[in-house]
$ cat entry_13.cif   # mmCIF, C-alpha atoms and all ligand atoms
data_input
loop_
_atom_site.label_atom_id
_atom_site.label_comp_id
_atom_site.auth_asym_id
_atom_site.auth_seq_id
_atom_site.Cartn_x
_atom_site.Cartn_y
_atom_site.Cartn_z
CA MET A 279 -39.81 -13.97 52.46
CA ASN A 280 -38.46 -16.23 49.71
CA ILE A 281 -40.06 -17.94 46.72
CA ASP A 282 -41.33 -20.86 48.78
CA ASP A 283 -43.20 -18.49 51.08
CA CYS A 284 -45.08 -16.83 48.22
CA ILE A 285 -48.68 -17.96 48.18
CA ASN A 286 -50.09 -15.58 45.58
CA LEU A 287 -48.92 -13.48 42.66
CA ASP A 288 -48.83 -10.33 44.75
CA ASP A 289 -46.30 -11.99 47.06
CA LEU A 290 -44.07 -12.47 44.02
CA ARG A 291 -44.51 -8.81 43.15
CA LYS A 292 -43.38 -7.82 46.64
CA LEU A 293 -40.37 -10.08 46.43
CA ALA A 294 -39.43 -8.70 43.01
CA LYS A 295 -39.80 -5.17 44.33
CA ARG A 296 -37.28 -5.90 47.05
CA ARG A 297 -34.74 -7.10 44.52
CA LEU A 298 -35.01 -4.15 42.15
CA PRO A 299 -33.87 -0.54 42.30
CA LYS A 300 -36.77 1.89 42.13
CA VAL A 301 -35.99 2.97 38.57
CA ILE A 302 -36.43 -0.60 37.34
CA TYR A 303 -39.37 -1.58 39.53
CA ASP A 304 -41.23 1.53 38.42
CA PHE A 305 -40.60 0.64 34.80
CA LEU A 306 -42.17 -2.80 35.31
CA GLU A 307 -45.07 -1.76 37.43
CA GLY A 308 -45.92 1.59 35.92
CA GLY A 309 -48.72 2.70 33.65
CA CYS A 310 -48.93 6.05 31.88
CA ASP A 311 -50.28 9.57 32.45
CA ASP A 312 -52.17 9.49 35.80
CA GLU A 313 -52.06 5.68 35.90
CA ASN A 314 -55.84 5.38 36.22
CA GLY A 315 -55.75 2.47 33.79
CA LEU A 316 -53.85 0.25 36.22
CA ASP A 317 -56.67 0.32 38.77
CA ARG A 318 -59.29 0.18 36.05
CA ASN A 319 -57.83 -3.06 34.69
CA GLU A 320 -57.88 -4.81 38.05
CA ASP A 321 -61.18 -3.32 39.26
CA ALA A 322 -62.94 -4.43 36.09
CA PHE A 323 -62.31 -8.02 37.17
CA ARG A 324 -63.00 -7.48 40.86
CA ARG A 325 -66.40 -5.94 40.31
CA ARG A 326 -67.62 -9.03 38.46
CA PRO A 327 -68.68 -11.66 40.97
CA LEU A 328 -68.70 -15.30 39.93
CA MET A 329 -71.92 -17.26 40.30
CA PRO A 330 -71.25 -20.64 41.93
CA ARG A 331 -73.21 -23.70 40.88
CA TYR A 332 -73.37 -26.43 43.52
CA MET A 333 -74.05 -30.12 43.85
CA VAL A 334 -72.26 -31.15 40.71
CA ASP A 335 -69.41 -33.63 40.72
CA VAL A 336 -66.14 -31.70 40.53
CA VAL A 337 -63.83 -34.31 42.02
CA GLU A 338 -61.87 -34.45 38.76
CA ARG A 339 -61.03 -31.09 37.20
CA ASP A 340 -59.11 -30.56 34.00
CA GLN A 341 -57.96 -27.17 32.71
CA THR A 342 -56.20 -28.52 29.63
CA THR A 343 -56.85 -26.11 26.77
CA THR A 344 -56.37 -26.57 23.05
CA LEU A 345 -55.27 -23.43 21.25
CA PHE A 346 -54.39 -23.30 17.55
CA GLY A 347 -54.35 -27.11 17.48
CA GLN A 348 -51.89 -27.46 20.36
CA GLU A 349 -52.79 -28.81 23.79
CA TYR A 350 -51.62 -26.68 26.73
CA SER A 351 -51.82 -27.53 30.42
CA ALA A 352 -53.56 -24.27 31.33
CA PRO A 353 -55.73 -21.61 29.67
CA PHE A 354 -53.01 -18.97 29.99
CA GLY A 355 -49.59 -18.12 28.63
CA ILE A 356 -46.80 -15.59 29.12
CA ALA A 357 -47.26 -12.25 27.34
CA PRO A 358 -44.35 -10.53 25.58
CA THR A 359 -42.38 -8.13 27.75
CA GLY A 360 -39.39 -6.19 26.52
CA GLY A 361 -36.06 -5.40 28.14
CA ILE A 362 -36.20 -8.37 30.51
CA ALA A 363 -32.44 -8.63 31.04
CA ASN A 364 -32.57 -5.23 32.68
CA TYR A 365 -34.73 -6.70 35.43
CA ARG A 366 -33.23 -10.16 35.59
CA TRP A 367 -30.19 -11.11 33.56
CA GLY A 368 -31.09 -14.10 31.34
CA GLY A 369 -34.78 -13.66 32.23
CA ASP A 370 -36.18 -14.10 28.71
CA LEU A 371 -34.95 -17.67 28.49
CA MET A 372 -35.80 -18.43 32.12
CA LEU A 373 -39.40 -17.55 31.31
CA ALA A 374 -39.26 -19.55 28.09
CA ALA A 375 -37.92 -22.59 29.95
CA ALA A 376 -40.56 -22.26 32.67
CA ALA A 377 -43.24 -22.10 29.95
CA ARG A 378 -41.84 -25.19 28.25
CA GLU A 379 -41.79 -27.13 31.54
CA ALA A 380 -45.32 -26.03 32.42
CA ASN A 381 -46.55 -26.67 28.86
CA ILE A 382 -47.88 -23.18 28.22
CA PRO A 383 -46.93 -20.71 25.45
CA PHE A 384 -44.27 -18.04 25.90
CA VAL A 385 -44.36 -15.00 23.63
CA MET A 386 -40.93 -13.48 23.05
CA SER A 387 -41.09 -9.69 22.88
CA GLY A 388 -40.11 -7.66 19.83
CA ALA A 389 -37.84 -5.85 22.30
CA ALA A 390 -36.46 -9.06 23.80
CA THR A 391 -33.01 -9.24 25.32
CA ALA A 392 -32.46 -12.77 23.98
CA SER A 393 -32.59 -13.92 20.38
CA MET A 394 -35.38 -15.81 18.67
CA GLU A 395 -32.73 -18.36 17.70
CA ASP A 396 -32.15 -19.02 21.43
CA LEU A 397 -35.89 -19.20 22.00
CA ALA A 398 -36.25 -21.88 19.33
CA ARG A 399 -33.50 -23.85 21.08
CA VAL A 400 -34.95 -23.52 24.60
CA ALA A 401 -38.67 -23.83 23.88
CA PRO A 402 -39.13 -25.16 20.35
CA ASP A 403 -42.76 -26.17 20.87
CA HIS A 404 -43.84 -23.31 23.11
CA GLY A 405 -42.17 -20.24 21.62
CA TRP A 406 -44.18 -17.54 19.88
CA TYR A 407 -42.67 -14.32 18.51
CA GLN A 408 -44.09 -10.82 18.92
CA LEU A 409 -43.24 -8.41 16.15
CA TYR A 410 -42.69 -4.71 16.58
CA VAL A 411 -43.01 -3.47 13.07
CA ALA A 412 -40.09 -1.53 11.61
CA LYS A 413 -40.43 1.47 9.34
CA ASP A 414 -38.04 -0.30 7.01
CA LYS A 415 -40.41 -3.05 5.89
CA ALA A 416 -37.57 -5.28 4.74
CA ILE A 417 -36.52 -5.65 8.40
CA SER A 418 -39.94 -6.85 9.52
CA HIS A 419 -40.19 -9.21 6.58
CA ASP A 420 -36.79 -10.67 7.40
CA MET A 421 -37.72 -11.12 11.07
CA ILE A 422 -40.86 -12.96 9.99
CA ARG A 423 -38.80 -15.18 7.72
CA ARG A 424 -36.37 -15.95 10.57
CA ALA A 425 -39.17 -16.79 13.02
CA ALA A 426 -40.87 -18.95 10.38
CA ASP A 427 -37.65 -20.83 9.54
CA LEU A 428 -37.06 -21.44 13.24
CA GLY A 429 -40.50 -23.03 13.56
CA LEU A 430 -41.84 -20.58 16.15
CA ARG A 431 -45.47 -21.47 16.72
CA ALA A 432 -47.28 -18.16 16.24
CA LEU A 433 -46.56 -14.58 15.19
CA VAL A 434 -48.08 -11.85 17.34
CA VAL A 435 -48.18 -8.38 15.81
CA THR A 436 -48.59 -5.71 18.48
CA CYS A 437 -50.72 -2.87 17.14
CA ASP A 438 -51.10 -0.59 20.15
CA VAL A 439 -47.77 1.22 20.10
CA PRO A 440 -48.14 3.74 17.26
CA VAL A 441 -46.34 6.09 19.64
CA GLY A 442 -44.84 5.36 23.04
CA GLY A 443 -47.02 5.73 26.14
CA ASN A 444 -46.40 8.75 28.36
CA ARG A 445 -44.67 6.93 31.23
CA GLU A 446 -44.13 9.70 33.72
CA ARG A 447 -42.56 7.50 36.38
CA ASN A 448 -39.78 6.70 33.94
CA ARG A 449 -39.24 10.32 33.10
CA ARG A 450 -39.05 11.30 36.75
CA ASN A 451 -36.63 8.46 37.46
CA GLY A 452 -34.44 9.31 34.48
CA PHE A 453 -35.06 5.88 32.95
CA GLY A 454 -33.82 5.72 29.38
CA ARG A 455 -33.04 3.11 26.76
CA PRO A 456 -30.59 1.56 26.87
CA LEU A 457 -30.56 1.62 30.62
CA LYS A 458 -28.36 4.24 32.20
CA LEU A 459 -28.33 4.79 35.94
CA SER A 460 -28.27 8.28 37.39
CA PHE A 461 -26.14 8.91 40.47
CA ALA A 462 -29.25 8.61 42.68
CA SER A 463 -30.23 5.31 41.04
CA LYS A 464 -26.73 3.94 41.56
CA LEU A 465 -26.99 4.76 45.26
CA ASP A 466 -30.38 3.05 45.36
CA ALA A 467 -28.96 0.06 43.46
CA LEU A 468 -26.29 -0.38 46.13
CA ARG A 469 -29.13 -1.48 48.41
CA ARG A 470 -30.17 -4.15 45.86
CA PRO A 471 -26.95 -6.15 45.66
CA LEU A 472 -28.34 -9.13 43.71
CA TRP A 473 -29.55 -6.88 40.95
CA PHE A 474 -26.52 -4.60 41.08
CA LYS A 475 -24.08 -7.51 40.84
CA ASP A 476 -25.69 -8.59 37.56
CA TYR A 477 -25.65 -5.02 36.28
CA LEU A 478 -21.96 -4.61 37.07
CA ARG A 479 -21.08 -7.99 35.59
CA HIS A 480 -23.12 -7.78 32.38
CA GLY A 481 -23.71 -4.08 31.81
CA ILE A 482 -26.62 -3.04 29.69
CA SER A 483 -28.53 -5.52 27.64
CA ASN A 484 -28.66 -5.72 23.89
CA LEU A 485 -31.62 -6.32 21.57
CA PRO A 486 -30.17 -9.25 19.65
CA ASN A 487 -33.08 -9.72 17.27
CA TRP A 488 -32.38 -6.28 15.82
CA ALA A 489 -28.61 -6.42 15.83
CA PRO A 490 -28.33 -8.01 12.33
CA TYR A 491 -29.93 -4.92 10.80
CA THR A 492 -27.48 -2.43 12.28
CA THR A 493 -23.84 -2.02 11.40
CA ALA A 494 -21.54 -4.81 12.56
CA GLY A 495 -20.15 -4.21 16.03
CA ALA A 496 -22.81 -1.60 16.92
CA SER A 497 -22.98 -0.95 20.68
CA ALA A 498 -26.08 -1.79 22.71
CA GLU A 499 -26.73 1.93 22.80
CA ASP A 500 -26.61 2.23 19.01
CA VAL A 501 -28.94 -0.74 18.58
CA ALA A 502 -31.42 0.74 21.09
CA THR A 503 -31.40 4.08 19.27
CA PHE A 504 -31.89 2.31 15.93
CA VAL A 505 -34.86 0.31 17.28
CA ALA A 506 -36.45 3.42 18.79
CA GLN A 507 -36.21 5.17 15.39
CA GLN A 508 -37.57 2.17 13.50
CA THR A 509 -40.56 1.24 15.64
CA ARG A 510 -42.95 4.15 15.56
CA ALA A 511 -46.21 4.91 13.86
CA SER A 512 -45.80 2.82 10.76
CA LEU A 513 -48.06 -0.24 11.10
CA THR A 514 -51.12 -0.31 8.81
CA TRP A 515 -53.60 -2.89 7.51
CA GLU A 516 -51.51 -3.18 4.33
CA ASP A 517 -48.70 -4.56 6.49
CA ILE A 518 -51.06 -7.09 8.04
CA ALA A 519 -52.04 -8.27 4.55
CA ARG A 520 -48.37 -8.72 3.66
CA PHE A 521 -47.60 -10.51 6.95
CA ARG A 522 -50.50 -12.84 6.26
CA GLU A 523 -48.83 -13.81 2.99
CA LEU A 524 -45.40 -14.23 4.58
CA TRP A 525 -46.26 -16.01 7.82
CA PRO A 526 -47.12 -19.68 7.38
CA ARG A 527 -48.59 -20.46 10.79
CA HIS A 528 -50.99 -18.75 13.21
CA LEU A 529 -51.09 -14.97 12.97
CA VAL A 530 -52.33 -12.95 15.94
CA ILE A 531 -52.86 -9.20 16.42
CA LYS A 532 -52.34 -7.96 19.97
CA GLY A 533 -53.91 -4.78 21.28
CA ILE A 534 -57.27 -4.70 19.52
CA MET A 535 -59.93 -2.94 21.60
CA ARG A 536 -62.64 -2.07 19.07
CA THR A 537 -65.19 -4.28 17.39
CA ASP A 538 -64.60 -2.64 14.00
CA ASP A 539 -60.86 -3.38 14.21
CA ALA A 540 -61.65 -6.95 15.25
CA LEU A 541 -63.91 -7.38 12.23
CA ARG A 542 -61.21 -5.97 10.00
CA ALA A 543 -58.70 -8.41 11.46
CA ALA A 544 -61.07 -11.27 10.70
CA ASP A 545 -61.47 -10.00 7.13
CA ALA A 546 -57.67 -9.89 6.82
CA GLY A 547 -57.46 -13.61 7.54
CA VAL A 548 -55.86 -13.20 10.95
CA ASP A 549 -56.24 -16.32 13.13
CA GLY A 550 -56.61 -14.61 16.48
CA ILE A 551 -56.56 -11.37 18.42
CA ILE A 552 -55.47 -10.52 21.93
CA VAL A 553 -57.85 -7.96 23.37
CA SER A 554 -55.42 -5.90 25.42
CA ASN A 555 -54.65 -2.38 26.57
CA HIS A 556 -50.97 -3.28 26.98
CA GLY A 557 -51.36 -3.54 30.75
CA ALA A 558 -52.44 0.14 30.86
CA ARG A 559 -49.03 1.26 29.58
CA GLN A 560 -50.10 2.99 26.39
CA LEU A 561 -53.37 4.95 26.57
CA ASP A 562 -54.43 5.70 30.12
CA ARG A 563 -58.02 6.32 28.99
CA ALA A 564 -58.34 2.96 27.26
CA PRO A 565 -61.14 0.82 28.69
CA ALA A 566 -60.33 -2.37 30.59
CA SER A 567 -59.95 -5.18 28.08
CA ILE A 568 -62.41 -7.37 30.00
CA ASP A 569 -65.07 -4.66 29.52
CA VAL A 570 -64.78 -4.63 25.73
CA LEU A 571 -64.35 -8.40 25.40
CA PRO A 572 -68.03 -9.48 25.22
CA ALA A 573 -68.86 -7.19 22.28
CA ILE A 574 -65.75 -8.33 20.41
CA VAL A 575 -66.50 -12.01 21.02
CA ASP A 576 -70.03 -11.40 19.85
CA ALA A 577 -68.77 -9.82 16.62
CA VAL A 578 -65.93 -12.17 15.65
CA GLY A 579 -65.84 -15.10 18.09
CA ASP A 580 -67.08 -17.54 15.45
CA ARG A 581 -64.49 -16.35 12.90
CA MET A 582 -61.28 -16.26 14.93
CA THR A 583 -59.75 -17.02 18.31
CA VAL A 584 -60.29 -14.19 20.78
CA MET A 585 -57.79 -13.97 23.64
CA LEU A 586 -57.21 -11.35 26.33
CA ASP A 587 -54.63 -9.81 28.62
CA SER A 588 -54.30 -6.85 31.03
CA GLY A 589 -55.05 -6.98 34.74
CA ILE A 590 -55.05 -10.73 35.40
CA ARG A 591 -53.83 -11.34 38.95
CA ARG A 592 -55.95 -14.28 40.14
CA GLY A 593 -57.34 -17.57 38.89
CA SER A 594 -60.79 -16.03 39.25
CA ASP A 595 -59.75 -13.37 36.71
CA VAL A 596 -58.79 -16.10 34.25
CA ILE A 597 -62.14 -17.83 34.77
CA THR A 598 -64.02 -14.55 34.34
CA ALA A 599 -62.31 -13.84 31.02
CA LEU A 600 -63.05 -17.35 29.75
CA ALA A 601 -66.67 -17.14 30.91
CA LEU A 602 -67.03 -13.94 28.88
CA GLY A 603 -65.76 -15.67 25.76
CA ALA A 604 -61.96 -15.41 25.74
CA ARG A 605 -60.38 -18.62 24.53
CA PHE A 606 -57.08 -17.99 26.31
CA VAL A 607 -55.41 -15.26 28.40
CA PHE A 608 -51.89 -13.94 28.93
CA LEU A 609 -49.96 -12.61 31.90
CA GLY A 610 -47.52 -9.74 31.63
CA ARG A 611 -46.30 -8.45 34.95
CA SER A 612 -47.09 -11.46 37.12
CA THR A 613 -44.81 -13.97 35.44
CA LEU A 614 -42.17 -11.28 35.10
CA TYR A 615 -42.27 -10.73 38.85
CA GLY A 616 -41.78 -14.45 39.34
CA ALA A 617 -38.70 -14.41 37.08
CA VAL A 618 -37.27 -11.35 38.80
CA ALA A 619 -37.84 -12.81 42.24
CA GLY A 620 -36.55 -16.30 41.54
CA GLY A 621 -35.40 -16.86 37.94
CA GLN A 622 -36.87 -19.92 36.23
CA VAL A 623 -38.03 -21.30 39.59
CA GLY A 624 -39.84 -18.05 40.34
CA ALA A 625 -41.48 -17.97 36.91
CA ALA A 626 -42.59 -21.59 37.41
CA LYS A 627 -43.96 -20.61 40.80
CA ALA A 628 -46.08 -17.85 39.24
CA VAL A 629 -47.49 -20.35 36.75
CA SER A 630 -48.23 -22.98 39.38
CA ILE A 631 -49.90 -20.46 41.71
CA LEU A 632 -52.23 -19.42 38.90
CA ARG A 633 -52.91 -22.98 37.78
CA ASN A 634 -53.84 -23.94 41.33
CA GLU A 635 -56.13 -20.95 41.67
CA VAL A 636 -57.85 -21.76 38.35
CA ASP A 637 -58.32 -25.32 39.58
CA LEU A 638 -59.82 -24.22 42.89
CA VAL A 639 -62.20 -21.74 41.29
CA MET A 640 -63.35 -24.43 38.84
CA GLY A 641 -64.29 -26.55 41.83
CA GLN A 642 -65.91 -23.63 43.63
CA ILE A 643 -68.19 -22.71 40.74
CA GLY A 644 -69.03 -26.27 39.77
CA ILE A 645 -67.25 -27.02 36.53
CA SER A 646 -64.86 -29.86 35.74
CA THR A 647 -63.70 -28.64 32.31
CA LEU A 648 -63.35 -25.13 30.97
CA ASP A 649 -65.75 -25.65 28.08
CA GLN A 650 -68.55 -25.72 30.68
CA LEU A 651 -67.98 -22.02 31.29
CA GLY A 652 -70.39 -19.47 29.88
CA PRO A 653 -71.72 -16.00 30.62
CA ASP A 654 -74.19 -17.36 33.19
CA PHE A 655 -71.23 -17.64 35.58
CA VAL A 656 -70.58 -13.90 35.41
CA GLU A 657 -73.59 -12.07 34.07
CA TRP A 658 -76.50 -13.88 35.51
CA ASP A 659 -79.99 -13.02 34.69
CA PRO A 660 -82.54 -14.68 36.98
CA GLU A 661 -84.80 -15.55 34.05
CA ALA A 662 -81.97 -17.19 32.12
CA LEU A 663 -81.00 -19.21 35.20
CA ARG A 664 -84.60 -20.36 35.57
CA ARG A 665 -84.51 -21.50 31.97
CA ASN A 666 -81.34 -23.45 32.76
CA HIS A 667 -83.28 -25.60 35.18
CA PRO A 668 -83.71 -29.00 33.53
CA ARG A 669 -87.28 -30.24 33.58
C1 LIG B 701 -42.42 -4.43 31.65
C2 LIG B 701 -43.36 -4.67 30.51
C3 LIG B 701 -42.86 -4.72 29.21
C4 LIG B 701 -43.73 -4.97 28.14
N1 LIG B 701 -43.22 -5.09 26.88
C5 LIG B 701 -44.03 -5.43 25.87
C6 LIG B 701 -43.51 -5.68 24.58
O1 LIG B 701 -42.32 -5.62 24.35
N2 LIG B 701 -44.39 -6.02 23.58
C7 LIG B 701 -45.73 -6.12 23.80
O2 LIG B 701 -46.48 -6.42 22.87
N3 LIG B 701 -46.25 -5.90 25.02
C8 LIG B 701 -45.45 -5.57 26.05
N4 LIG B 701 -45.97 -5.40 27.30
C9 LIG B 701 -47.41 -5.61 27.52
C10 LIG B 701 -47.70 -7.08 27.86
O3 LIG B 701 -47.48 -7.92 26.77
C11 LIG B 701 -49.16 -7.27 28.30
O4 LIG B 701 -50.01 -6.76 27.31
C12 LIG B 701 -49.49 -6.61 29.63
O5 LIG B 701 -48.40 -6.66 30.52
C13 LIG B 701 -50.67 -7.32 30.26
O6 LIG B 701 -51.05 -6.70 31.45
P1 LIG B 701 -50.63 -7.23 32.90
O7 LIG B 701 -49.23 -6.81 33.12
O8 LIG B 701 -51.60 -6.54 33.78
O9 LIG B 701 -50.77 -8.74 32.89
C14 LIG B 701 -45.12 -5.14 28.39
C15 LIG B 701 -45.60 -5.07 29.69
C16 LIG B 701 -44.75 -4.86 30.75
C17 LIG B 701 -45.31 -4.83 32.14
#
$ encode --input "entry_13.cif" --output "structure tokens"
Amino acid sequence: MNIDDCINLDDLRKLAKRRLPKVIYDFLEGGCDDENGLDRNEDAFRRRPLMPRYMVDVVERDQTTTLFGQEYSAPFGIAPTGGIANYRWGGDLMLAAAAREANIPFVMSGAATASMEDLARVAPDHGWYQLYVAKDKAISHDMIRRAADLGLRALVVTCDVPVGGNRERNRRNGFGRPLKLSFASKLDALRRPLWFKDYLRHGISNLPNWAPYTTAGASAEDVATFVAQQTRASLTWEDIARFRELWPRHLVIKGIMRTDDALRAADAGVDGIIVSNHGARQLDRAPASIDVLPAIVDAVGDRMTVMLDSGIRRGSDVITALALGARFVFLGRSTLYGAVAGGQVGAAKAVSILRNEVDLVMGQIGISTLDQLGPDFVEWDPEALRRNHPR
């Protein structure tokens, strides 16, 4: 199978799996603890049927979506994922370029293996930056200043990593940061020559956005240790207030799962939130984000932009999230699998597969634009549908 043969996102996952040694694939795919959250995220979508409406004209369908004043060609973007060069050398910018070409946003991770300066060069109108807050506040403030000066479109503050998730697959595989391969993993990597060639040629990846804050000439290993020490347990609402003052454009908090936190974010003048459980990689007992979405939209939907990620694998998942009130959604693993499997072309393939599926589902349920979506497509109540009948 190659990229052209992939007809859905799971095909891209399979292709990526073939390219990667187990230690890396498990890092991408894994959850935490017993990994119940992975199934919960996907099941929460699957158990919500969509209610088709027929005999409406859906010859022309348009999924263009305006978010924070910018028009995108789809209602989804690429979520931040860290350490990408470990899976595909150069992958951060391949994803950014695919996003630019497809006219969707790309969020660079706070643990990116490319610099925000490069992002601004590759995708000046589509690049967002995700901040992992440092204990040394001056570092975070300087990163915000850099991203602002570069014109990056939005700042996403991830709030759901006060401590690292308990990723048992990684511990069993001996995965560490920066990447070091055990003898067994090296043997396994020999069977993945495309990946291994990159590893031998480039070695381990750096975290260039953090490098300026370490001593000059620090090794990738030193930078990784520094970042690990800096990014734990220190984000509070006082920081959000300060970021609000410093950041001139749209400010987003990613990882909110509770209505009270959403209300607090609205009070803090945040422009948007991404309801997310980090793709089930942090708290295995966290609910599926789609399950908490309606209450959050109900509480703050008229005060800020509510977005969602975690578990989206199909166009029907995108439609479900929008019908329940999300303005926009993000993909973590799926676009990453595309990039691993086929670089920029593979990432573009992931985007086009999902766009096509969104388009087909729009036709199937009888809508021609996304603003026609509402809860009656997912949570139908016979009485409400009767009331819908125009007399
Ligand atoms: C390999 C990997 C790395 C990730 N790294 C980050 C990160 O650096 N920052 C962040 O905010 N979220 C990170 N996430 C979480 C994603 O942004 C997103 O919330 C999640 O992947 C969505 O779930 P999905 O993979 O089911 O689409 C990562 C996810 C994966 C799979």
$ closest_residue --input "entry_13.cif" --among "A:Ile534, A:Val301, A:Cys437, A:Ala601" --to "Phe461 (chain A)" --atoms "all atoms listed in the file"
A:Val301
$ residues_around --input "entry_13.cif" --residues "Ala489 (chain A)" --least-positions-apart "2" --cutoff "12 Å" --atoms "only C-alpha atoms" --output "ChimeraX atom specification"
/A:389-394,417,421,483-487,491-505
$ closest_atom_pairs --input "entry_13.cif" --of "chain A" --to "ligand LIG 701 (chain B)" --cutoff "9 Å" --atoms "all atoms listed in the file" --output "tab-separated table"
residue	atom	partner	partner_atom	distance
A:Tyr303	CA	B:LIG701	C1	8.9
A:Phe305	CA	B:LIG701	C1	6.2
A:Leu306	CA	B:LIG701	C1	4.0
A:Glu307	CA	B:LIG701	C17	6.1
A:Gly308	CA	B:LIG701	C17	7.5
A:Gly309	CA	B:LIG701	C17	8.4
A:Leu316	CA	B:LIG701	O8	7.6
A:Asn319	CA	B:LIG701	O8	7.2
A:Glu320	CA	B:LIG701	O8	7.8
A:Ile356	CA	B:LIG701	O3	8.1
A:Ala357	CA	B:LIG701	O3	4.4
A:Pro358	CA	B:LIG701	O3	4.2
A:Thr359	CA	B:LIG701	N1	3.3
A:Gly360	CA	B:LIG701	O1	3.7
A:Gly361	CA	B:LIG701	C3	6.9
A:Ile362	CA	B:LIG701	C1	7.5
A:Tyr365	CA	B:LIG701	C1	8.9
A:Val385	CA	B:LIG701	O3	8.3
A:Met386	CA	B:LIG701	O1	8.1
A:Ser387	CA	B:LIG701	O1	4.5
A:Gly388	CA	B:LIG701	O1	5.4
A:Ala389	CA	B:LIG701	O1	4.9
A:Ala390	CA	B:LIG701	O1	6.8
A:Gln408	CA	B:LIG701	O2	6.4
A:Leu409	CA	B:LIG701	O2	7.7
A:Tyr410	CA	B:LIG701	N2	7.3
A:Val434	CA	B:LIG701	O2	7.9
A:Val435	CA	B:LIG701	O2	7.5
A:Thr436	CA	B:LIG701	O2	4.9
A:Cys437	CA	B:LIG701	O2	8.0
A:Asp438	CA	B:LIG701	O2	7.9
A:Val439	CA	B:LIG701	O2	8.2
A:Lys532	CA	B:LIG701	O2	6.7
A:Gly533	CA	B:LIG701	O4	7.4
A:Ile552	CA	B:LIG701	O4	8.5
A:Val553	CA	B:LIG701	O4	8.9
A:Ser554	CA	B:LIG701	O4	5.8
A:Asn555	CA	B:LIG701	O4	6.4
A:His556	CA	B:LIG701	O4	3.6
A:Gly557	CA	B:LIG701	O6	3.3
A:Ala558	CA	B:LIG701	O6	7.0
A:Arg559	CA	B:LIG701	C15	7.2
A:Leu586	CA	B:LIG701	O4	8.6
A:Asp587	CA	B:LIG701	C13	5.0
A:Ser588	CA	B:LIG701	O6	3.3
A:Gly589	CA	B:LIG701	O8	3.6
A:Ile590	CA	B:LIG701	O9	5.3
A:Arg591	CA	B:LIG701	O9	7.3
A:Phe608	CA	B:LIG701	O9	6.6
A:Leu609	CA	B:LIG701	O9	4.1
A:Gly610	CA	B:LIG701	O5	3.4
A:Arg611	CA	B:LIG701	O7	3.8
A:Ser612	CA	B:LIG701	O9	6.2
A:Thr613	CA	B:LIG701	O9	8.3
A:Leu614	CA	B:LIG701	C1	7.7
$ atom_distance --input "entry_13.cif" --atom1 "CA of Ala619 (chain A)" --atom2 "CA of Leu632 (chain A)"
16.2 Å
$ residues_around --input "entry_13.cif" --residues "region 574-584 of chain A" --least-positions-apart "6" --cutoff "12 Å" --atoms "all atoms listed in the file" --output "JSON, numbers by chain"
{"A": [344, 345, 346, 347, 528, 529, 530, 531, 532, 533, 534, 535, 536, 537, 538, 539, 540, 541, 542, 543, 544, 545, 546, 547, 548, 549, 550, 551, 552, 553, 554, 567, 568, 599, 600, 601, 602, 603, 604, 605, 606, 607, 608, 653]}
$ atom_distance --input "entry_13.cif" --atom1 "CA of Asp517 (chain A)" --atom2 "CA of Ala377 (chain A)"
29.8 Å
$ closest_residue --input "entry_13.cif" --among "A:Asp340, A:Asp311, A:Trp488, A:Pro353" --to "Arg445 (chain A)" --atoms "all atoms listed in the file"
A:Asp311
$ atom_distance --input "entry_13.cif" --atom1 "CA of Ile422 (chain A)" --atom2 "CA of Ala519 (chain A)"
13.3 Å
$ decode --input "entry_13.cif" --residues "region 578-586 of chain A" --atoms "N, CA and C atoms" --output "PDB file, in the first residue's frame"
ATOM      1  N   VAL A 578     -20.728  28.934  27.728  1.00  0.00           N
ATOM      2  CA  VAL A 578     -19.867  30.043  27.263  1.00  0.00           C
ATOM      3  C   VAL A 578     -19.915  30.297  25.757  1.00  0.00           C
ATOM      4  N   GLY A 579     -20.723  29.508  25.045  1.00  0.00           N
ATOM      5  CA  GLY A 579     -20.720  29.588  23.575  1.00  0.00           C
ATOM      6  C   GLY A 579     -21.027  30.968  23.031  1.00  0.00           C
ATOM      7  N   ASP A 580     -21.761  31.789  23.789  1.00  0.00           N
ATOM      8  CA  ASP A 580     -22.060  33.129  23.280  1.00  0.00           C
ATOM      9  C   ASP A 580     -20.977  34.134  23.693  1.00  0.00           C
ATOM     10  N   ARG A 581     -20.007  33.687  24.487  1.00  0.00           N
ATOM     11  CA  ARG A 581     -18.960  34.622  24.948  1.00  0.00           C
ATOM     12  C   ARG A 581     -17.617  34.357  24.296  1.00  0.00           C
ATOM     13  N   MET A 582     -17.403  33.169  23.773  1.00  0.00           N
ATOM     14  CA  MET A 582     -16.113  32.850  23.155  1.00  0.00           C
ATOM     15  C   MET A 582     -16.283  31.705  22.160  1.00  0.00           C
ATOM     16  N   THR A 583     -15.215  31.460  21.402  1.00  0.00           N
ATOM     17  CA  THR A 583     -15.251  30.421  20.386  1.00  0.00           C
ATOM     18  C   THR A 583     -14.886  29.081  21.024  1.00  0.00           C
ATOM     19  N   VAL A 584     -15.797  28.123  20.928  1.00  0.00           N
ATOM     20  CA  VAL A 584     -15.533  26.809  21.525  1.00  0.00           C
ATOM     21  C   VAL A 584     -15.140  25.841  20.408  1.00  0.00           C
ATOM     22  N   MET A 585     -13.966  25.246  20.567  1.00  0.00           N
ATOM     23  CA  MET A 585     -13.455  24.279  19.581  1.00  0.00           C
ATOM     24  C   MET A 585     -13.238  22.951  20.297  1.00  0.00           C
ATOM     25  N   LEU A 586     -12.843  21.924  19.549  1.00  0.00           N
ATOM     26  CA  LEU A 586     -12.724  20.592  20.167  1.00  0.00           C
ATOM     27  C   LEU A 586     -11.667  19.776  19.456  1.00  0.00           C
TER      28      LEU A 586
END
